[in-house]
Amino acid sequence: MRYLPKSDAERRAILDELGLASIDELFASIPESCRLKRPLEVPGPLSEKEIIDYFRARAAENAAGYTSYLGAGVYNHLRSVVADSLLQRGEFLTSYTPYQAEISQGTLQAIFEFQTLMCQLTGQEVANASMYDGSTATAEAAMMAARLTGRRRLLISRALHPEYRQVVDTYAGDLGLEVAELAFDAKTGQTDPDAARAAINDATAAVVIQSPNFLGVLEAVPQFAGLAQGAGALLVVAIAEAVSLGAVRPPAEADIVAMEAQSLGLAPSFGGPFAGVIATREKYVRQMPGRLAGQTTDSQGRRGFVLTLATREQHIRREKATSNICTNQALCALAVTMHLALLGKQGLREMAGQNLAKTRYAVEELEKLPGVRRAFSGPYFNEVALEFPRSVRMINHELQRERILGPLPLGPFFPEQTKRGLLCVTELHSRQDIDRLAAATRRAFESLGVGARETVSSPAER
Amino acid sequence: MAQPMSRATRHVSLNEAMLFEKSSPGKRGMELPPLDVPAVDAGQALGAEFVRDPVEGFPEVSEIEVIRHFTRLSTWNYAIDLGMYPLGSCTMKYNPRVNEFVARLDGLASEHPLQPAELSQGCLRILRTLERILLEVTGMDAITLQPSAGAQGEYAGIAMIRACLASRGNPRKKVLMPDSAHGTNPATAATAGYEVVNIRSDASGRIDMSHLAEILSGDVAALMVTNPNTLGIFEHDIARAAELLHAHGALLYMDGANLNALAGVARPGDFGVDVMHMNLHKTFSTPHGGGGPGAGPVAVKKHLEPFLPIPVLVEKPDGKLAWDARRPQSIGRLRAFYGNFGVLVRALAYALAYGPGMVEATRDAVLNANYIRKKLEDVYELPYQQPCMHEVVFSDARQRKNGVNTMDIAKRLIDYGFHPYTTAFPLIVTGALMIEPTESESRQELDLFVEAMRSIAAEAAETPELVKTAPHSTRVGRLDEVTAARKPVLRWKPEAR
Amino acid sequence: MYPANYRYTQEHEWVALEGQTAIMGITDYAQHALGDVVFVELPKPGTKFTAGQTIGTVESVKAVSELYCPVSLEVTEVNTALANAPEKINQDPHGAAWLIKGRATNPAEAAKLMDAAAYEAYIAEKEKEAHA
């Protein structure tokens with residue numbers, strides 16, 4: 001087998017040195033009753049070519065060749081082949097966690113650069129070396145707020161990504177933390193500050209909002225920071241679309257930012273692996289989960305980097321650890337670092353600007369169609385909820401015939417948001433793509449019997 | 001230095017500043033295709049209160065500077081591609097390159113998790129196939145591929161135990177584990193709200209069964225065990241431990257970090273395990289990438305299936321695959337979407353390459369560890385005489401007489417061109433040296449390792465200072481971790497002007 | 001080495017009682033075992049603890065040690081100078097690096113703790129065990 005660097009002769013020679021007749025003897029400590037007495041019933045073995053053929057065949061059974069307008073926590077953005085070729089260097093790909101600092105300075109300096117970039121992006125003072133993803137980062141941020149305040153109540157915006165919310169519920173439930181929901185304003189799509197004002201009390205550990213939120217709308221972070229902090233609670237801001245930080249002001253007033261960095265250089269890859277980040281104030285750093293790379297010197301005064309504040313972590317603190325996280329998303333964070341190095345200050349700004357422009361162009365074109373209009377009045381980045389004259393699922397069914405994946409229906413997540421779908425447009429959608437979307441939607445409307453003069457039904461009719 | 005080493009020689013490596021220190025305004029490494037729709041003014045589109053300036057301090061460097069930056073950084077790292085990692089319980093095996101290729105295929109890397117299921121059958125088929133293979137290897141009944149790492153898998157496992165016991169009337173209060181357990185085990189039990197109780201190990205390094213019998217009560221939810229344990233020794237009483245636990249209405253959790261010793265030889269489901277996690281970045285070769293990503297699937301017996309995290313992959317009557325989230329007893333969702341899909345693709349590619357021949361990898365892994373044990377047992381103390389499996393644990397007892405400890409020996413190993421083994425773990429051995437070569441090592445590589453370790457043992461006896469002040473050949477010496485912890489500097493800042 | 005007027009716990013804390021005021025810290029043995037101290041976590045003034053309860057932590061790079069309350073007390077003052085100079089704990093653990101001052105709610109508890117001679121014998125035993 002090509003992955004095993006031993007010939008049978010070499011195995012025999014080693015066995016001779018060990019004074020054994022067969023490798024079987026080395027398994028004698030396993031009782032007979034525990035042993036598997038037949039070969040594994042699994043497919044293979046396959047040669048390299050056969051492996052590639054297998055996966056190509058699976059790839060052909062998916063949506064390659066479709067134009068997708070899906071966002072909702074996973075974003076399709078431009079990536080450079082330069083980053084990917086660097087990422088495949090064996091010294092990055094096949095290296096271990098940098099516990100032995102002297103021979104891991106490459107990884108450690110890159111982590112330090114990543115931490116810096118995340119601080120610059122989010123306007124916070126410290127950032128960690130990655131969490132599994134944005135959803136677990138949000139849950140960990142909420143638990144961190146509970147530890148810091150000593151309080152047990154979480155106020156979570158209904159406009160937080162529903163899957164992020166489910167994850168927070170899972171972890172919070174285990175710790176006996178109470179979770180209450182904050183409504184969003186039906187007109188603006190933003191979390192309702194009055195709801196927050198009414199709900200915040202001295203049992204509140206954290207207020208959790210997302211910006212841009214699941215509906216694509218930007219939240220008024222300074223206002224919620226004031227409300228939370230005024231009551232001794234912390235403001236946690238989740239960010240699922242990190243490219244927005246190229247144009248939108250960062251949540252500097254937040255106490256803890258829980259971000260998903262996927263849109264900064266990671267492929268959608270059917271949902272993972274991604275890179276979550278927690279960024280926060282320096283004074284909270286000892287309650288922050290995840291690895292941290294710190295700058296220091298050796299005895300000759302040479303600059304170097306080490307994993308630091310390790311006493312927060314599982315391998316030392318054991319049952320008192322801030323989290324049980326061990327393996328993180330290091331290689332993904334490295335991919336993000338490389339991507340941001342290439343994109344740079346101007347590139348990120350330009351990319352964000354293109355997202356703003358293309359999404360608005362798409363909204364303009366689609367609003368020309370009968371019965372289509374923006375569902376919420378709040379400001380948006382590259383994702384927007386649109387109201388349609390028919391069920392979004394039925395429209396998408398028609399669009400799929402033309403190899404277009406249309407807006408994500410909101411009804412399954414919010415029962416009152418029927419006939420509304422979430423449209424995401426990025427710099428990767430050409431003008432032609434968007435024009436084609438508009439034309440295909442028009443054709444879909446025709447098939448579905450939408451009249452040329454249809455308008456959006458009034459709230460009373462819904 | 002005493003004598004020339006056959007393994008390593010010093011070599012010039014280039015220095016490299018930080019990205020931010022090489023920046024100049026106006027440089028860029030990546031260009032976007034031109035905007036083909038009307039531009040918008042961000043202030044007008046978003047409103048003045050939402051607009052930001054270009055990110056302050058963000059790097060501005062050219063493409064070639066980025067290439068050189070990261071290439072130079074990479075040359076400062078050790079890696080499996082360079083040589084053996086003897087790290088115990090890490091299973092640092094070869095990361096096959098075809099796995100990287102297939103994970104990047106258009107049609108796999110490009111897929112959005114929320115696209116319609118009928119347009120994702122290829123992805124779902126990959127997951128289903130991996131699930132079946134892992135169930136066959138572990139001898140269990142049902143599985144989730146969602147956890148992003150071993151620790152998250154452990155959490156899911158303990159949460160499922162809790163949910164199962166709660167459904168029977170009492171979630172109970174305590175989780176037992178041996179004092180040799182990996183740190184994630186107690187951290188996980190605590191996160192799930194359980195009190196951790198340590199079980200003693202007996203003189204043979206295994207769980208003390210009489211202590212187990214003594215502390216088992218109606219208060220105990222589970223025993224968390226690693227098998228083979230962190231000493232590399234098979235817990236031969238594990239089936240009996242399972243019976244004892246089950247008789248008390250408790251469950252057996254197995255930490256599958258050491259599955260590399262068992263795959264194809266013994267199946268945890270066959271010796272009484274109720275729930276276990278696996279580390280695909282260990283046994284199934286997915287790359288460590290400097291610390292992750294990994295994947296920590298959790299496999300369970302039938303009675304725990306209702307509690308699996310949502311969504312669960314199901315096969316419909318027409319043969320199509322779909323996600324099922326309507327599971328009222330589920331412990332909930334562990335993360336958004338379905339898990340580290342790209343990692344799961346790599347694990348499947350690895351499993352397909354071997355087929356049933358996976359057992360050969362297990363046999364070679366155990367052979368290699370025993371070879372190292374044989375070649376070093378006359379110079380390093382072996383605290384436990386039991387046969388070891390895929391890893392061997394020595395102690396620094398002999399070297400400590402000259403003031404040389406396991407950390408020092410590990411650092412000196414770096415001068416010989418190896419990554420250190422796992423130091424000071426498991427905690428039950430004072431001054432442990434935990435060595436796991438994996439099956440990926442040739443005879444030559446093993447011999448070079450043995451030669452290096454024997455040479456260091458001689459140095460510890462004759463010139464201990466050389467070992468105590470190692471490494472001597474690296475770009476930086478031992479770093480000041482104390483100041484790094486007292487006054488943490490966790491980001492680059494521009495010099496104050 | 002170990003002040004005669006202090007009392008000592010098995011977890012290597014010392015406590016000095018003056019009437020109802022208790023002062024506590026960790027012993028020289030403890031700081032030596034920990035190595036370079038990098039951080040210390042102390043309770044808020046006003047909080048009450050019973051003897052044996054965890055009252056704080058002391059951290060080195062590679063280890064964290066729980067601090068256990070030697071006699072039941074209500075915290076009146078903590079040594080804030082240690083926040084910026086945790087190394088004082090290594091330099092002067094019995095004096096300048098006291099950790100917590102409090103009002104002892106049951107001063108008689110101190111009698112159950114070891115005196116200096118007993119403590120020195122206790123750590124001598126520990127040293128023997130470690131090198132067995």
# chains A, B, ... in the order shown; residues from 1 in each chain; ligands from 1
>>> select_by_dssp(residues="range 69-266 of chain A", states="helix (DSSP H, G or I)", output="MDAnalysis selection string")
chainID A and resid 81:87 90:93 101:103 105:122 134:149 162:174 193:199 221:230 242:246
>>> write_last_selection(atoms="C-alpha atoms", output="mmCIF file, in the first residue's frame")
data_model
loop_
_atom_site.group_PDB
_atom_site.id
_atom_site.type_symbol
_atom_site.label_atom_id
_atom_site.label_comp_id
_atom_site.auth_asym_id
_atom_site.auth_seq_id
_atom_site.Cartn_x
_atom_site.Cartn_y
_atom_site.Cartn_z
ATOM 1 C CA VAL A 81 -5.238 30.912 -6.387
ATOM 2 C CA VAL A 82 -2.128 32.437 -4.808
ATOM 3 C CA ALA A 83 -3.481 31.841 -1.325
ATOM 4 C CA ASP A 84 -4.462 28.291 -2.119
ATOM 5 C CA SER A 85 -1.073 27.414 -3.510
ATOM 6 C CA LEU A 86 0.630 28.811 -0.395
ATOM 7 C CA LEU A 87 -1.789 26.976 1.851
ATOM 8 C CA GLY A 90 3.529 20.943 3.484
ATOM 9 C CA GLU A 91 5.083 23.042 6.242
ATOM 10 C CA PHE A 92 1.688 24.665 6.804
ATOM 11 C CA LEU A 93 -0.643 21.843 5.814
ATOM 12 C CA ALA A 101 7.390 27.289 19.698
ATOM 13 C CA GLU A 102 10.999 27.070 18.456
ATOM 14 C CA ILE A 103 9.990 24.967 15.449
ATOM 15 C CA GLN A 105 7.452 30.175 14.401
ATOM 16 C CA GLY A 106 5.890 30.220 10.934
ATOM 17 C CA THR A 107 2.505 29.140 12.253
ATOM 18 C CA LEU A 108 2.764 31.362 15.318
ATOM 19 C CA GLN A 109 3.660 34.540 13.466
ATOM 20 C CA ALA A 110 0.824 33.881 11.012
ATOM 21 C CA ILE A 111 -1.612 33.424 13.933
ATOM 22 C CA PHE A 112 -0.367 36.685 15.449
ATOM 23 C CA GLU A 113 -1.004 38.402 12.116
ATOM 24 C CA PHE A 114 -4.472 36.841 11.983
ATOM 25 C CA GLN A 115 -5.287 38.082 15.488
ATOM 26 C CA THR A 116 -4.154 41.562 14.456
ATOM 27 C CA LEU A 117 -6.240 41.568 11.275
ATOM 28 C CA MET A 118 -9.328 40.492 13.212
ATOM 29 C CA CYS A 119 -8.820 43.323 15.712
ATOM 30 C CA GLN A 120 -8.407 45.839 12.901
ATOM 31 C CA LEU A 121 -11.546 44.579 11.165
ATOM 32 C CA THR A 122 -13.775 44.457 14.234
ATOM 33 C CA GLY A 134 -19.491 31.783 13.756
ATOM 34 C CA SER A 135 -22.273 29.819 15.437
ATOM 35 C CA THR A 136 -20.077 28.240 18.119
ATOM 36 C CA ALA A 137 -18.192 31.527 18.527
ATOM 37 C CA THR A 138 -21.546 33.175 19.308
ATOM 38 C CA ALA A 139 -22.425 30.478 21.842
ATOM 39 C CA GLU A 140 -18.982 30.745 23.467
ATOM 40 C CA ALA A 141 -19.295 34.544 23.562
ATOM 41 C CA ALA A 142 -22.621 34.255 25.360
ATOM 42 C CA MET A 143 -21.128 31.840 27.895
ATOM 43 C CA MET A 144 -18.152 34.153 28.338
ATOM 44 C CA ALA A 145 -20.539 37.001 29.127
ATOM 45 C CA ALA A 146 -22.279 34.829 31.708
ATOM 46 C CA ARG A 147 -18.928 34.045 33.358
ATOM 47 C CA LEU A 148 -17.835 37.685 33.351
ATOM 48 C CA THR A 149 -21.050 39.127 34.752
ATOM 49 C CA PRO A 162 -31.665 30.691 13.312
ATOM 50 C CA GLU A 163 -28.971 28.027 13.250
ATOM 51 C CA TYR A 164 -26.694 30.196 15.398
ATOM 52 C CA ARG A 165 -29.617 30.536 17.794
ATOM 53 C CA GLN A 166 -30.103 26.774 17.952
ATOM 54 C CA VAL A 167 -26.430 26.360 18.850
ATOM 55 C CA VAL A 168 -26.661 28.972 21.612
ATOM 56 C CA ASP A 169 -29.736 27.160 22.962
ATOM 57 C CA THR A 170 -27.843 23.849 23.043
ATOM 58 C CA TYR A 171 -24.891 25.173 25.032
ATOM 59 C CA ALA A 172 -26.839 27.615 27.187
ATOM 60 C CA GLY A 173 -29.339 24.930 28.102
ATOM 61 C CA ASP A 174 -26.599 22.769 29.505
ATOM 62 C CA PRO A 193 -34.645 48.683 20.970
ATOM 63 C CA ASP A 194 -37.871 49.117 22.953
ATOM 64 C CA ALA A 195 -38.115 45.360 23.328
ATOM 65 C CA ALA A 196 -34.546 45.360 24.613
ATOM 66 C CA ARG A 197 -35.233 48.257 26.981
ATOM 67 C CA ALA A 198 -38.193 46.432 28.443
ATOM 68 C CA ALA A 199 -36.412 43.098 28.816
ATOM 69 C CA VAL A 221 -24.795 48.705 17.635
ATOM 70 C CA PRO A 222 -24.028 51.834 19.721
ATOM 71 C CA GLN A 223 -27.639 52.001 20.867
ATOM 72 C CA PHE A 224 -27.718 48.390 22.040
ATOM 73 C CA ALA A 225 -24.319 48.769 23.673
ATOM 74 C CA GLY A 226 -25.707 51.638 25.718
ATOM 75 C CA LEU A 227 -28.788 49.664 26.733
ATOM 76 C CA ALA A 228 -26.839 46.565 27.722
ATOM 77 C CA GLN A 229 -23.901 48.204 29.443
ATOM 78 C CA GLY A 230 -26.167 50.640 31.267
ATOM 79 C CA ALA A 242 -17.267 39.569 7.342
ATOM 80 C CA VAL A 243 -16.852 41.345 3.984
ATOM 81 C CA SER A 244 -19.402 43.855 5.268
ATOM 82 C CA LEU A 245 -16.622 45.214 7.485
ATOM 83 C CA GLY A 246 -15.016 46.585 4.323
#
>>> residues_around(residues="Ala111 in chain C", least_positions_apart="5", cutoff="12 Å", atoms="only C-alpha atoms", output="list in words")
Asn5, Tyr6, Arg7, Tyr8, Thr9, Val15, Ala16, Leu17, Pro70, Val71 and Asn106 of chain C
>>> write_last_selection(atoms="C-alpha atoms", output="compact mmCIF listing (two decimals), in the first residue's frame")
# COMPACT_ATOMS: atom_id res chain seq x y z
CA ASN C 5 3.26 33.38 64.29
CA TYR C 6 1.60 32.11 61.09
CA ARG C 7 -0.59 29.03 60.76
CA TYR C 8 -0.45 26.78 57.68
CA THR C 9 -2.84 24.65 55.65
CA VAL C 15 -2.72 32.79 57.60
CA ALA C 16 -1.84 35.35 60.28
CA LEU C 17 -4.47 36.39 62.80
CA PRO C 70 -7.82 28.95 55.51
CA VAL C 71 -10.31 30.41 58.05
CA ASN C 106 -14.60 32.22 63.47
>>> residues_around(residues="Gln190 in chain A", least_positions_apart="2", cutoff="12 Å", atoms="only C-alpha atoms", output="number ranges by chain")
A: 157-160, 182-188, 192-196, 209-221, 223-224, 375-380
>>> atom_distance(atom1="CA of Glu59 in chain C", atom2="CA of Phe39 in chain C")
5.1 Å
>>> interface_residues(of="chain B", to="chain C", cutoff="7 Å", atoms="only C-alpha atoms", output="PDB file with C-alpha atoms, in the first residue's frame")
ATOM      1  CA  GLU B 481       6.759  32.437  28.242  1.00  0.00           C
ATOM      2  CA  VAL B 482       6.581  34.107  31.617  1.00  0.00           C
ATOM      3  CA  ALA B 485       1.755  35.490  30.166  1.00  0.00           C
ATOM      4  CA  ARG B 486       2.337  38.384  32.576  1.00  0.00           C
TER       5      ARG B 486
END
>>> closest_residue(among="A:Leu422, A:Ala252, A:Val42, A:Val363", to="chain B", atoms="only C-alpha atoms")
A:Val42
